[in-house]
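J.: What follows is structure.pdb, PDB, C-alpha atoms.
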ATOM      1  CA  MET A 499     109.269 109.845 121.966
ATOM      2  CA  LYS A 500     108.163 106.643 123.715
ATOM      3  CA  ARG A 501     109.903 103.365 122.903
ATOM      4  CA  SER A 502     106.665 101.950 121.438
ATOM      5  CA  GLU A 503     106.374 105.003 119.166
ATOM      6  CA  LEU A 504     109.971 104.613 118.003
ATOM      7  CA  ILE A 505     109.346 100.939 117.221
ATOM      8  CA  SER A 506     106.243 101.884 115.208
ATOM      9  CA  LEU A 507     108.259 104.466 113.284
ATOM     10  CA  LEU A 508     110.953 101.908 112.470
ATOM     11  CA  LEU A 509     108.373  99.318 111.428
ATOM     12  CA  TYR A 510     106.996 101.857 108.960
ATOM     13  CA  ASP A 511     110.536 102.274 107.613
ATOM     14  CA  VAL A 512     110.871  98.498 107.221
ATOM     15  CA  ALA A 513     107.611  98.504 105.239
ATOM     16  CA  LEU A 514     108.730 101.493 103.131
ATOM     17  CA  GLU A 515     112.009  99.798 102.194
ATOM     18  CA  HIS A 516     110.141  96.562 101.437
ATOM     19  CA  SER A 517     107.845  98.534  99.111
ATOM     20  CA  ALA A 518     110.802 100.113  97.297
ATOM     21  CA  ILE A 519     112.396  96.689  96.803
ATOM     22  CA  VAL A 520     109.195  95.342  95.261
ATOM     23  CA  GLN A 521     108.846  98.338  92.921
ATOM     24  CA  TYR A 522     112.454  98.027  91.781
ATOM     25  CA  LEU A 523     112.076  94.277  91.272
ATOM     26  CA  TYR A 524     109.161  94.906  88.928
ATOM     27  CA  HIS A 525     111.357  97.207  86.876
ATOM     28  CA  ILE A 526     114.287  94.787  86.885
ATOM     29  CA  PHE A 527     111.949  92.120  85.507
ATOM     30  CA  LEU A 528     110.239  94.373  82.939
ATOM     31  CA  ILE A 529     113.114  96.437  81.554
ATOM     32  CA  GLY A 530     115.015  94.449  78.963
ATOM     33  CA  ASP A 531     118.334  96.303  78.999
ATOM     34  CA  PRO A 532     120.962  94.646  81.262
ATOM     35  CA  SER A 533     122.938  97.886  81.589
ATOM     36  CA  ILE A 534     119.864  99.501  83.194
ATOM     37  CA  THR A 535     118.616  96.547  85.223
ATOM     38  CA  GLY A 536     122.103  95.973  86.608
ATOM     39  CA  GLU A 537     122.070  99.474  88.084
ATOM     40  CA  ILE A 538     118.560  99.031  89.509
ATOM     41  CA  GLU A 539     119.579  95.711  91.039
ATOM     42  CA  LYS A 540     122.479  97.360  92.885
ATOM     43  CA  ILE A 541     120.081  99.929  94.323
ATOM     44  CA  ALA A 542     117.564  97.210  95.297
ATOM     45  CA  ARG A 543     120.297  95.341  97.181
ATOM     46  CA  GLN A 544     121.080  98.499  99.136
ATOM     47  CA  GLU A 545     117.397  98.882  99.997
ATOM     48  CA  MET A 546     117.498  95.305 101.325
ATOM     49  CA  ARG A 547     120.318  96.358 103.647
ATOM     50  CA  HIS A 548     118.257  99.338 104.817
ATOM     51  CA  MET A 549     115.303  97.046 105.549
ATOM     52  CA  LYS A 550     117.617  94.708 107.487
ATOM     53  CA  TRP A 551     119.100  97.568 109.533
ATOM     54  CA  PHE A 552     115.697  98.999 110.440
ATOM     55  CA  ALA A 553     114.393  95.523 111.351
ATOM     56  CA  GLN A 554     117.405  94.768 113.543
ATOM     57  CA  LYS A 555     116.895  98.075 115.351
ATOM     58  CA  VAL A 556     113.266  97.055 116.024
ATOM     59  CA  VAL A 557     114.460  93.803 117.626
ATOM     60  CA  GLN A 558     117.116  95.650 119.667
ATOM     61  CA  LEU A 559     114.365  97.866 121.070
ATOM     62  CA  GLY A 560     112.307  94.829 122.075
ATOM     63  CA  GLY A 561     109.820  94.926 119.220
ATOM     64  CA  GLU A 562     108.660  92.262 116.783
ATOM     65  CA  VAL A 563     109.479  92.634 113.095
ATOM     66  CA  GLU A 564     106.519  92.798 110.711
ATOM     67  CA  LEU A 565     107.488  92.414 107.057
ATOM     68  CA  LYS A 566     104.594  94.447 105.694
ATOM     69  CA  ARG A 567     104.485  96.911 102.767
ATOM     70  CA  VAL A 568     103.118 100.405 102.150
ATOM     71  CA  GLU A 569     101.008  99.392  99.170
ATOM     72  CA  GLU A 570     100.151 102.927  98.050
ATOM     73  CA  GLU A 571     103.874 103.674  97.684
ATOM     74  CA  ILE A 572     104.438 100.849  95.166
ATOM     75  CA  LYS A 573     104.103 102.592  91.796
ATOM     76  CA  VAL A 574     105.146 100.274  88.981
ATOM     77  CA  GLY A 575     104.183 102.367  85.951
ATOM     78  CA  GLY A 576     105.002 101.262  82.429
ATOM     79  CA  PRO A 577     105.042  99.990  79.826
ATOM     80  CA  SER A 578     107.513 102.762  78.944
ATOM     81  CA  TRP A 579     110.841 102.529  80.698
ATOM     82  CA  GLU A 580     110.786 106.302  81.132
ATOM     83  CA  ASP A 581     107.563 106.034  83.139
ATOM     84  CA  MET A 582     109.031 103.316  85.368
ATOM     85  CA  LEU A 583     112.261 105.185  86.083
ATOM     86  CA  ARG A 584     110.411 108.422  86.808
ATOM     87  CA  ASN A 585     108.459 106.520  89.460
ATOM     88  CA  ASP A 586     111.771 105.308  90.891
ATOM     89  CA  VAL A 587     113.123 108.871  91.124
ATOM     90  CA  ASN A 588     109.902 109.883  92.900
ATOM     91  CA  ALA A 589     110.176 106.930  95.296
ATOM     92  CA  GLU A 590     113.648 108.018  96.376
ATOM     93  CA  GLU A 591     112.534 111.634  96.809
ATOM     94  CA  LYS A 592     109.597 110.485  98.968
ATOM     95  CA  ALA A 593     111.893 108.316 101.111
ATOM     96  CA  ILE A 594     114.308 111.224 101.627
ATOM     97  CA  GLU A 595     111.383 113.441 102.669
ATOM     98  CA  ILE A 596     110.026 110.877 105.155
ATOM     99  CA  TYR A 597     113.384 110.039 106.730
ATOM    100  CA  THR A 598     114.322 113.724 107.000
ATOM    101  CA  GLN A 599     111.063 114.410 108.867
ATOM    102  CA  GLN A 600     111.772 111.474 111.181
ATOM    103  CA  LEU A 601     115.265 112.765 111.838
ATOM    104  CA  GLU A 602     113.782 115.954 113.276
ATOM    105  CA  ILE A 603     111.654 114.134 115.858
ATOM    106  CA  VAL A 604     113.768 111.097 116.821
ATOM    107  CA  LYS A 605     115.874 111.506 119.976
ATOM    108  CA  ASP A 606     117.620 108.108 120.032
ATOM    109  CA  ASP A 607     121.180 108.769 118.849
ATOM    110  CA  SER A 608     121.700 105.356 117.213
ATOM    111  CA  VAL A 609     118.470 105.686 115.222
ATOM    112  CA  LYS A 610     119.385 109.238 114.170
ATOM    113  CA  LYS A 611     122.736 108.006 112.859
ATOM    114  CA  LEU A 612     120.976 105.194 110.980
ATOM    115  CA  LEU A 613     118.523 107.649 109.399
ATOM    116  CA  GLU A 614     121.381 109.939 108.366
ATOM    117  CA  ARG A 615     123.151 107.034 106.666
ATOM    118  CA  VAL A 616     119.996 105.928 104.861
ATOM    119  CA  ILE A 617     119.200 109.492 103.690
ATOM    120  CA  HIS A 618     122.722 109.690 102.272
ATOM    121  CA  ASP A 619     122.174 106.434 100.336
ATOM    122  CA  GLU A 620     118.723 107.470  99.090
ATOM    123  CA  SER A 621     120.097 110.764  97.791
ATOM    124  CA  GLN A 622     122.652 108.828  95.758
ATOM    125  CA  HIS A 623     119.948 106.475  94.486
ATOM    126  CA  ARG A 624     117.787 109.427  93.386
ATOM    127  CA  ASP A 625     120.664 110.829  91.347
ATOM    128  CA  GLU A 626     121.413 107.414  89.808
ATOM    129  CA  PHE A 627     117.782 106.910  88.795
ATOM    130  CA  ALA A 628     117.696 110.441  87.338
ATOM    131  CA  GLU A 629     120.702 109.589  85.159
ATOM    132  CA  LEU A 630     119.036 106.364  83.970
ATOM    133  CA  LEU A 631     115.848 108.307  83.213
ATOM    134  CA  GLU A 632     117.752 110.677  80.937
ATOM    135  CA  GLU A 633     119.237 107.692  79.090
ATOM    136  CA  VAL A 634     115.888 106.111  78.190
ATOM    137  CA  LYS A 635     113.760 109.171  77.357
ATOM    138  CA  ASN A 636     111.954 108.797  74.016
ATOM    139  CA  ARG A 637     113.186 105.225  73.578
ATOM    140  CA  GLU A 638     111.255 103.179  71.021
ATOM    141  CA  PHE A 639     110.284  99.611  71.908
ATOM    142  CA  SER A 640     111.291  96.871  69.492
ATOM    143  CA  PRO A 641     108.828  94.167  68.333
ATOM    144  CA  GLU A 642     110.717  91.708  70.538
ATOM    145  CA  GLU A 643     110.089  93.916  73.601
ATOM    146  CA  LYS A 644     106.386  94.133  72.712
ATOM    147  CA  LYS A 645     105.854  90.410  72.210
ATOM    148  CA  LYS A 646     102.766  88.781  73.681
ATOM    149  CA  ALA A 647     103.215  86.407  76.594
ATOM    150  CA  ASP A 648     102.289  82.736  76.750
ATOM    151  CA  GLU A 649      99.674  83.183  79.487
ATOM    152  CA  GLU A 650      99.679  79.577  80.742
ATOM    153  CA  THR A 651     103.447  79.502  81.164
ATOM    154  CA  VAL A 652     103.417  82.929  82.820
ATOM    155  CA  LYS A 653     100.724  81.709  85.233
ATOM    156  CA  LEU A 654     102.816  78.674  86.147
ATOM    157  CA  LEU A 655     105.990  80.713  86.668
ATOM    158  CA  ASN A 656     104.100  83.315  88.711
ATOM    159  CA  LYS A 657     102.838  80.592  91.041
ATOM    160  CA  LEU A 658     106.425  79.504  91.674
ATOM    161  CA  LEU A 659     107.556  83.121  92.053
ATOM    162  CA  LYS A 660     104.887  83.815  94.702
ATOM    163  CA  GLU A 661     105.963  80.745  96.662
ATOM    164  CA  GLU A 662     109.579  81.936  96.617
ATOM    165  CA  TYR A 663     108.503  85.410  97.779
ATOM    166  CA  LYS A 664     106.514  83.908 100.647
ATOM    167  CA  ILE A 665     109.355  81.720 101.903
ATOM    168  CA  ILE A 666     111.828  84.632 101.655
ATOM    169  CA  LEU A 667     109.690  86.639 104.082
ATOM    170  CA  GLU A 668     109.262  83.665 106.425
ATOM    171  CA  TYR A 669     112.992  82.928 106.473
ATOM    172  CA  LEU A 670     113.800  86.611 107.069
ATOM    173  CA  TYR A 671     111.353  86.701 109.983
ATOM    174  CA  HIS A 672     113.159  83.776 111.623
ATOM    175  CA  PHE A 673     116.533  85.372 110.845
ATOM    176  CA  PHE A 674     115.529  88.498 112.767
ATOM    177  CA  HIS A 675     114.025  86.674 115.752
ATOM    178  CA  SER A 676     115.945  83.417 116.233
ATOM    179  CA  LYS A 677     118.361  83.250 119.177
ATOM    180  CA  ASN A 678     120.361  80.411 117.628
ATOM    181  CA  CYS A 679     123.297  81.783 115.608
ATOM    182  CA  ASP A 680     123.558  78.665 113.402
ATOM    183  CA  TYR A 681     119.863  78.800 112.583
ATOM    184  CA  LYS A 682     120.033  82.555 111.853
ATOM    185  CA  ASP A 683     122.886  81.868 109.435
ATOM    186  CA  ILE A 684     120.901  79.143 107.654
ATOM    187  CA  MET A 685     117.770  81.305 107.460
ATOM    188  CA  LEU A 686     119.692  84.202 105.899
ATOM    189  CA  ASP A 687     121.476  81.937 103.408
ATOM    190  CA  LEU A 688     118.229  80.288 102.330
ATOM    191  CA  ALA A 689     116.441  83.656 102.064
ATOM    192  CA  ILE A 690     119.220  84.992  99.820
ATOM    193  CA  GLU A 691     119.175  81.932  97.580
ATOM    194  CA  SER A 692     115.384  82.104  97.370
ATOM    195  CA  MET A 693     115.741  85.758  96.307
ATOM    196  CA  VAL A 694     117.932  84.534  93.456
ATOM    197  CA  HIS A 695     115.234  82.011  92.476
ATOM    198  CA  MET A 696     112.583  84.722  92.590
ATOM    199  CA  GLY A 697     114.756  86.982  90.467
ATOM    200  CA  GLU A 698     115.403  84.334  87.827
ATOM    201  CA  LEU A 699     111.698  83.490  87.602
ATOM    202  CA  GLY A 700     110.704  87.155  87.417
ATOM    203  CA  GLU A 701     113.239  87.908  84.690
ATOM    204  CA  LYS A 702     112.021  84.921  82.688
ATOM    205  CA  ILE A 703     108.432  86.165  82.965
ATOM    206  CA  GLY A 704     109.513  89.625  81.815
ATOM    207  CA  GLN A 705     111.472  88.189  78.892
ATOM    208  CA  MET A 706     108.330  86.354  77.801
ATOM    209  CA  GLY A 707     106.356  89.607  77.743
ATOM    210  CA  GLY A 708     104.450  88.820  80.929
ATOM    211  CA  THR A 709     104.094  90.706  84.219
ATOM    212  CA  PRO A 710     105.452  89.135  87.416
ATOM    213  CA  ASP A 711     103.006  88.771  90.297
ATOM    214  CA  LEU A 712     104.626  90.518  93.249
ATOM    215  CA  SER A 713     101.467  90.951  95.301
ATOM    216  CA  MET A 714     101.979  90.514  99.036
ATOM    217  CA  PRO A 715     101.802  86.842 100.098
ATOM    218  CA  LYS A 716     100.407  85.681 103.438
ATOM    219  CA  VAL A 717     103.349  85.009 105.748
ATOM    220  CA  GLU A 718     103.220  82.279 108.399
ATOM    221  CA  LYS A 719     105.662  83.452 111.054
ATOM    222  CA  CYS A 720     105.373  80.622 113.578
ATOM    223  CA  LYS A 721     106.691  77.762 111.483
ATOM    224  CA  GLY A 722     109.503  75.652 112.944
ATOM    225  CA  VAL A 723     112.422  73.732 111.451
ATOM    226  CA  GLU A 724     110.256  70.696 110.692
ATOM    227  CA  ASP A 725     107.815  72.884 108.731
ATOM    228  CA  HIS A 726     110.641  74.377 106.699
ATOM    229  CA  ILE A 727     112.027  70.913 105.966
ATOM    230  CA  LEU A 728     108.611  69.836 104.704
ATOM    231  CA  TYR A 729     108.296  72.991 102.608
ATOM    232  CA  GLU A 730     111.676  72.442 100.909
ATOM    233  CA  GLU A 731     110.792  68.796 100.259
ATOM    234  CA  GLU A 732     107.461  69.744  98.692
ATOM    235  CA  SER A 733     109.042  72.618  96.763
ATOM    236  CA  LYS A 734     111.637  70.311  95.238
ATOM    237  CA  ALA A 735     108.905  67.899  94.142
ATOM    238  CA  GLU A 736     106.870  70.739  92.649
ATOM    239  CA  TYR A 737     109.802  72.003  90.572
ATOM    240  CA  ILE A 738     110.338  68.468  89.259
ATOM    241  CA  ARG A 739     106.642  68.210  88.287
ATOM    242  CA  LYS A 740     106.536  71.619  86.628
ATOM    243  CA  ALA A 741     109.752  71.002  84.678
ATOM    244  CA  LYS A 742     108.108  67.967  83.091
ATOM    245  CA  GLU A 743     105.118  70.096  81.993
ATOM    246  CA  ILE A 744     107.222  72.787  80.296
ATOM    247  CA  LYS A 745     108.229  72.462  76.650
ATOM    248  CA  ASP A 746     110.586  75.440  76.560
ATOM    249  CA  GLN A 747     114.109  74.116  77.105
ATOM    250  CA  SER A 748     115.469  77.240  78.818
ATOM    251  CA  ILE A 749     112.598  77.320  81.326
ATOM    252  CA  ARG A 750     112.925  73.615  81.991
ATOM    253  CA  GLU A 751     116.649  74.056  82.676
ATOM    254  CA  LEU A 752     115.870  76.942  85.068
ATOM    255  CA  LEU A 753     113.348  74.877  87.031
ATOM    256  CA  ASN A 754     115.746  71.936  87.231
ATOM    257  CA  TRP A 755     118.480  74.260  88.507
ATOM    258  CA  ILE A 756     116.207  75.662  91.232
ATOM    259  CA  GLU A 757     115.112  72.132  92.155
ATOM    260  CA  GLY A 758     118.746  71.206  92.790
ATOM    261  CA  GLN A 759     119.132  74.143  95.160
ATOM    262  CA  GLU A 760     115.911  73.235  96.987
ATOM    263  CA  GLU A 761     117.410  69.786  97.594
ATOM    264  CA  TYR A 762     120.444  71.434  99.209
ATOM    265  CA  HIS A 763     118.168  73.658 101.351
ATOM    266  CA  HIS A 764     116.325  70.549 102.527
ATOM    267  CA  ARG A 765     119.596  68.828 103.401
ATOM    268  CA  ARG A 766     120.907  71.795 105.406
ATOM    269  CA  LEU A 767     117.732  72.002 107.462
ATOM    270  CA  VAL A 768     117.696  68.256 108.117
ATOM    271  CA  GLU A 769     121.330  68.347 109.251
ATOM    272  CA  PHE A 770     120.605  71.290 111.553
ATOM    273  CA  LEU A 771     117.630  69.476 113.105
ATOM    274  CA  LYS A 772     119.755  66.377 113.719
ATOM    275  CA  ARG A 773     122.458  68.462 115.408
ATOM    276  CA  ALA A 774     119.903  70.328 117.508
ATOM    277  CA  HIS A 775     118.271  67.040 118.586
ATOM    278  CA  ARG A 776     121.620  65.472 119.421
ATOM    279  CA  PHE A 777     122.683  68.439 121.561
ATOM    280  CA  SER A 778     119.304  68.527 123.323
ATOM    281  CA  VAL A 779     119.530  64.837 124.189
ATOM    282  CA  GLY A 780     123.103  65.349 125.401
ATOM    283  CA  ASP A 781     122.046  68.233 127.632
ATOM    284  CA  LEU A 782     119.244  66.138 129.119
ATOM    285  CA  LYS A 783     121.617  63.273 129.874
ATOM    286  CA  GLU A 784     124.054  65.640 131.604
ATOM    287  CA  LYS A 785     121.232  67.051 133.744
ATOM    288  CA  ASP A 786     120.020  63.557 134.667
ATOM    289  CA  GLU A 787     123.545  62.433 135.583
ATOM    290  CA  GLY A 788     124.021  65.540 137.711
ATOM    291  CA  LYS A 789     120.994  64.804 139.900
TER     292      LYS A 789
END
Starting from the file, lay out its structure as structure tokens.
T.:
Amino acid sequence: MKRSELISLLLYDVALEHSAIVQYLYHIFLIGDPSITGEIEKIARQEMRHMKWFAQKVVQLGGEVELKRVEEEIKVGGPSWEDMLRNDVNAEEKAIEIYTQQLEIVKDDSVKKLLERVIHDESQHRDEFAELLEEVKNREFSPEEKKKADEETVKLLNKLLKEEYKIILEYLYHFFHSKNCDYKDIMLDLAIESMVHMGELGEKIGQMGGTPDLSMPKVEKCKGVEDHILYEEESKAEYIRKAKEIKDQSIRELLNWIEGQEEYHHRRLVEFLKRAHRFSVGDLKEKDEGK
């Protein structure tokens, strides 16, 4: 197998894991039982690790990470929880099938070991989803679970959710490709915190009886530190504006909480830029003095 073919295979695996994460997020947001969503969340976090490992292998092989999805593999289902969890069992079975086929054709030893580890995890996930499926079969939905959503509020929260999703992907792209260890660390931290924001917004939408919008956003990969600083500044201002428009106290408190974290993101990026500028100027002075 050529190196370019191996990179393409791994990029497909990145997209497949991304698709599984999105499907599981839908179900975390839409299923109202914390004992079930807690288990799905643990599995989703493991899929995030798989996506990270596949992406890092792409970079090690000299490729460029593309955070795409396999749209036809995202099967949300619903509104019954049984339908959703059956789709999750099927997703794990499909992943096991694909990775097992890849294992038979891949020659690179490090990639083979990675595939073996991931197949092991996916087999465990399949069994865990099967157990959850048995728990919810024939469950009746309460009136509270069937309540109708406030469409305007759902629309507002979905706009914020999509923005968080977009910046997560952009920060992850820079995490995979940056050569600066400090910047990589900041990008990963901010991506993780933005995932928390996205999760809180999605759960709130689900609690309201709405459906979160997890359609694929357009990712701008070439942004620099200054662009990210501007984004965090604008994001903070938007959360302040939206909080003033919302009457629901719990939603307003959530938006204010996220706004406070966006302020911290902005500060971290500004401090990094100042350090980077100071070191660059220092390097230039040393070069000039050495002439």
J.: At what distance in Å, to one decimal, does atom CA of A:Tyr522 lie from atom CA of A:Ile617?
T.: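 The value is 17.9 Å.
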J.: Which residues fall under the PyMOL selection byres ((chain A and resi 597) around 12) in this file, as a PyMOL selection string?
T.: chain A and resi 507-508+510-512+514-515+548+552+590-596+598-604+609-621
J.: Name the residues that the PyMOL selection byres ((chain A and resi 580) around 10) pulls out of this structure, and write them as a PDB file with C-alpha atoms, keeping the file's coordinate frame.
T.:
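After the write, result_39.pdb holds the following:
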ATOM      1  CA  GLY A 575     104.183 102.367  85.951  1.00  0.00           C
ATOM      2  CA  GLY A 576     105.002 101.262  82.429  1.00  0.00           C
ATOM      3  CA  PRO A 577     105.042  99.990  79.826  1.00  0.00           C
ATOM      4  CA  SER A 578     107.513 102.762  78.944  1.00  0.00           C
ATOM      5  CA  TRP A 579     110.841 102.529  80.698  1.00  0.00           C
ATOM      6  CA  ASP A 581     107.563 106.034  83.139  1.00  0.00           C
ATOM      7  CA  MET A 582     109.031 103.316  85.368  1.00  0.00           C
ATOM      8  CA  LEU A 583     112.261 105.185  86.083  1.00  0.00           C
ATOM      9  CA  ARG A 584     110.411 108.422  86.808  1.00  0.00           C
ATOM     10  CA  ASN A 585     108.459 106.520  89.460  1.00  0.00           C
ATOM     11  CA  ASP A 586     111.771 105.308  90.891  1.00  0.00           C
ATOM     12  CA  LEU A 630     119.036 106.364  83.970  1.00  0.00           C
ATOM     13  CA  LEU A 631     115.848 108.307  83.213  1.00  0.00           C
ATOM     14  CA  GLU A 632     117.752 110.677  80.937  1.00  0.00           C
ATOM     15  CA  GLU A 633     119.237 107.692  79.090  1.00  0.00           C
ATOM     16  CA  VAL A 634     115.888 106.111  78.190  1.00  0.00           C
ATOM     17  CA  LYS A 635     113.760 109.171  77.357  1.00  0.00           C
ATOM     18  CA  ASN A 636     111.954 108.797  74.016  1.00  0.00           C
ATOM     19  CA  ARG A 637     113.186 105.225  73.578  1.00  0.00           C
TER      20      ARG A 637
END
J.: Taking the file as shown, find all residues satisfying the PyMOL selection byres ((chain A and resi 502) around 12) and write them as a PDB file with C-alpha atoms, in the coordinates of the input.
T.:
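Saved the output as selection38.pdb:
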ATOM      1  CA  MET A 499     109.269 109.845 121.966  1.00  0.00           C
ATOM      2  CA  LYS A 500     108.163 106.643 123.715  1.00  0.00           C
ATOM      3  CA  ARG A 501     109.903 103.365 122.903  1.00  0.00           C
ATOM      4  CA  GLU A 503     106.374 105.003 119.166  1.00  0.00           C
ATOM      5  CA  LEU A 504     109.971 104.613 118.003  1.00  0.00           C
ATOM      6  CA  ILE A 505     109.346 100.939 117.221  1.00  0.00           C
ATOM      7  CA  SER A 506     106.243 101.884 115.208  1.00  0.00           C
ATOM      8  CA  LEU A 507     108.259 104.466 113.284  1.00  0.00           C
ATOM      9  CA  LEU A 508     110.953 101.908 112.470  1.00  0.00           C
ATOM     10  CA  LEU A 509     108.373  99.318 111.428  1.00  0.00           C
ATOM     11  CA  VAL A 556     113.266  97.055 116.024  1.00  0.00           C
ATOM     12  CA  VAL A 557     114.460  93.803 117.626  1.00  0.00           C
ATOM     13  CA  LEU A 559     114.365  97.866 121.070  1.00  0.00           C
ATOM     14  CA  GLY A 560     112.307  94.829 122.075  1.00  0.00           C
ATOM     15  CA  GLY A 561     109.820  94.926 119.220  1.00  0.00           C
ATOM     16  CA  GLU A 562     108.660  92.262 116.783  1.00  0.00           C
TER      17      GLU A 562
END
J.: Could you check which of A:Lys745, A:Asn754, A:Asn678, A:Gly697 is closest to A:Phe770, using all atoms listed in the file?
T.: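 Checking each candidate against A:Phe770, we get A:Asn678 as the closest.
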J.: To one decimal in Å, tell me the separation between atom CA of A:His623 and atom CA of A:Met685.
T.: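 Distance reported for this atom pair: 28.4 Å.
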J.: Using atom CA of A:Arg765 and atom CA of A:Glu691 as the two end points, give the distance in Å to one decimal.
T.: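 Distance reported for this atom pair: 14.3 Å.
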J.: Can you tell me which residues surround A:Lys734 at a distance of at most 10 Å, considering all atoms listed in the file, apart from same-chain residues fewer than 4 positions away, and format the answer as a list in words?
T.: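 Counting only the stated atoms, we get Leu728, Tyr729, Glu730, Ile738, Arg739, Leu753, Asn754, Ile756, Glu757, Gly758, Gln759, Glu760, Glu761, Tyr762, His763 and His764 of chain A.
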J.: Convert the current residue selection to file output with C-alpha atoms, as a short mmCIF file (atom, residue, chain, number, x, y, z; two decimals), in the frame of the given file.
T.:
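Written output follows (out-v4.cif):
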data_model
loop_
_atom_site.label_atom_id
_atom_site.label_comp_id
_atom_site.auth_asym_id
_atom_site.auth_seq_id
_atom_site.Cartn_x
_atom_site.Cartn_y
_atom_site.Cartn_z
CA LEU A 728 108.61 69.84 104.70
CA TYR A 729 108.30 72.99 102.61
CA GLU A 730 111.68 72.44 100.91
CA ILE A 738 110.34 68.47 89.26
CA ARG A 739 106.64 68.21 88.29
CA LEU A 753 113.35 74.88 87.03
CA ASN A 754 115.75 71.94 87.23
CA ILE A 756 116.21 75.66 91.23
CA GLU A 757 115.11 72.13 92.16
CA GLY A 758 118.75 71.21 92.79
CA GLN A 759 119.13 74.14 95.16
CA GLU A 760 115.91 73.24 96.99
CA GLU A 761 117.41 69.79 97.59
CA TYR A 762 120.44 71.43 99.21
CA HIS A 763 118.17 73.66 101.35
CA HIS A 764 116.32 70.55 102.53
#
J.: Between A:Ala553, A:Ala513, A:Ala689, A:Ile541, which residue has the minimum interatomic distance to A:His675, considering only C-alpha atoms?
T.: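 Smallest distance to A:His675 is found for A:Ala553.
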J.: Step by step: start from the point (110.6, 87.8, 90.6) in the file's coordinates, keep every protein, DNA or RNA residue that has an atom no farther than 10 Å from it, count only C-alpha atoms, and write the set as a compact mmCIF listing (two decimals) with C-alpha atoms, in the frame of the given file.
T.:
# COMPACT_ATOMS: atom_id res chain seq x y z
CA VAL A 520 109.20 95.34 95.26
CA LEU A 523 112.08 94.28 91.27
CA TYR A 524 109.16 94.91 88.93
CA ILE A 526 114.29 94.79 86.88
CA PHE A 527 111.95 92.12 85.51
CA LEU A 655 105.99 80.71 86.67
CA ASN A 656 104.10 83.32 88.71
CA LEU A 658 106.42 79.50 91.67
CA LEU A 659 107.56 83.12 92.05
CA LYS A 660 104.89 83.82 94.70
CA GLU A 662 109.58 81.94 96.62
CA TYR A 663 108.50 85.41 97.78
CA MET A 693 115.74 85.76 96.31
CA VAL A 694 117.93 84.53 93.46
CA HIS A 695 115.23 82.01 92.48
CA MET A 696 112.58 84.72 92.59
CA GLY A 697 114.76 86.98 90.47
CA GLU A 698 115.40 84.33 87.83
CA LEU A 699 111.70 83.49 87.60
CA GLY A 700 110.70 87.16 87.42
CA GLU A 701 113.24 87.91 84.69
CA LYS A 702 112.02 84.92 82.69
CA ILE A 703 108.43 86.16 82.96
CA GLY A 704 109.51 89.62 81.82
CA THR A 709 104.09 90.71 84.22
CA PRO A 710 105.45 89.14 87.42
CA ASP A 711 103.01 88.77 90.30
CA LEU A 712 104.63 90.52 93.25
J.: Give the centre and edge lengths of an axis-aligned box, in Å to one decimal, that holds all listed atoms of stretch 680-685 of chain A with 6 Å on each side, as AutoDock Vina command-line options.
T.:
--center_x 120.7 --center_y 80.6 --center_z 110.4 --size_x 17.8 --size_y 15.9 --size_z 17.9
J.: Quick one: residues within 12 Å of A:Tyr681, all atoms listed in the file, excluding same-chain residues fewer than 3 positions away - as an NGL selection string?
T.: :A and (669-678 or 684-688 or 722-723 or 726 or 766-771 or 773-774)
J.: A:Asp531, A:Gly708, A:Lys719, A:Arg547: which is nearest A:Thr651, counting all atoms listed in the file?
T.: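 Result for the nearest residue to A:Thr651: A:Gly708.
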J.: Excluding A:Asp746 and residues on its chain fewer than 4 positions from it, collect all residues at most 12 Å away from it, counting all atoms listed in the file, and give them as a list in words.
T.: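 The residues that qualify are Asp648, Thr651, Lys702, Met706, Lys740, Ala741, Lys742, Arg750, Glu751, Leu752 and Leu753 of chain A.
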J.: Find the residue from A:Leu528, A:Arg543, A:Asp606, A:Asp625 that sits nearest to A:Ile690; use all atoms listed in the file when measuring.
T.: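 So, comparing all the options, the nearest one is A:Arg543.
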J.: Would you kindly return, as a PyMOL selection string, each protein, DNA or RNA residue with an atom no farther than 9 Å from any atom of A:Glu537, considering all atoms listed in the file and excluding same-chain residues fewer than 3 positions away?
T.: chain A and resi 532-534+540-542+626-627+630
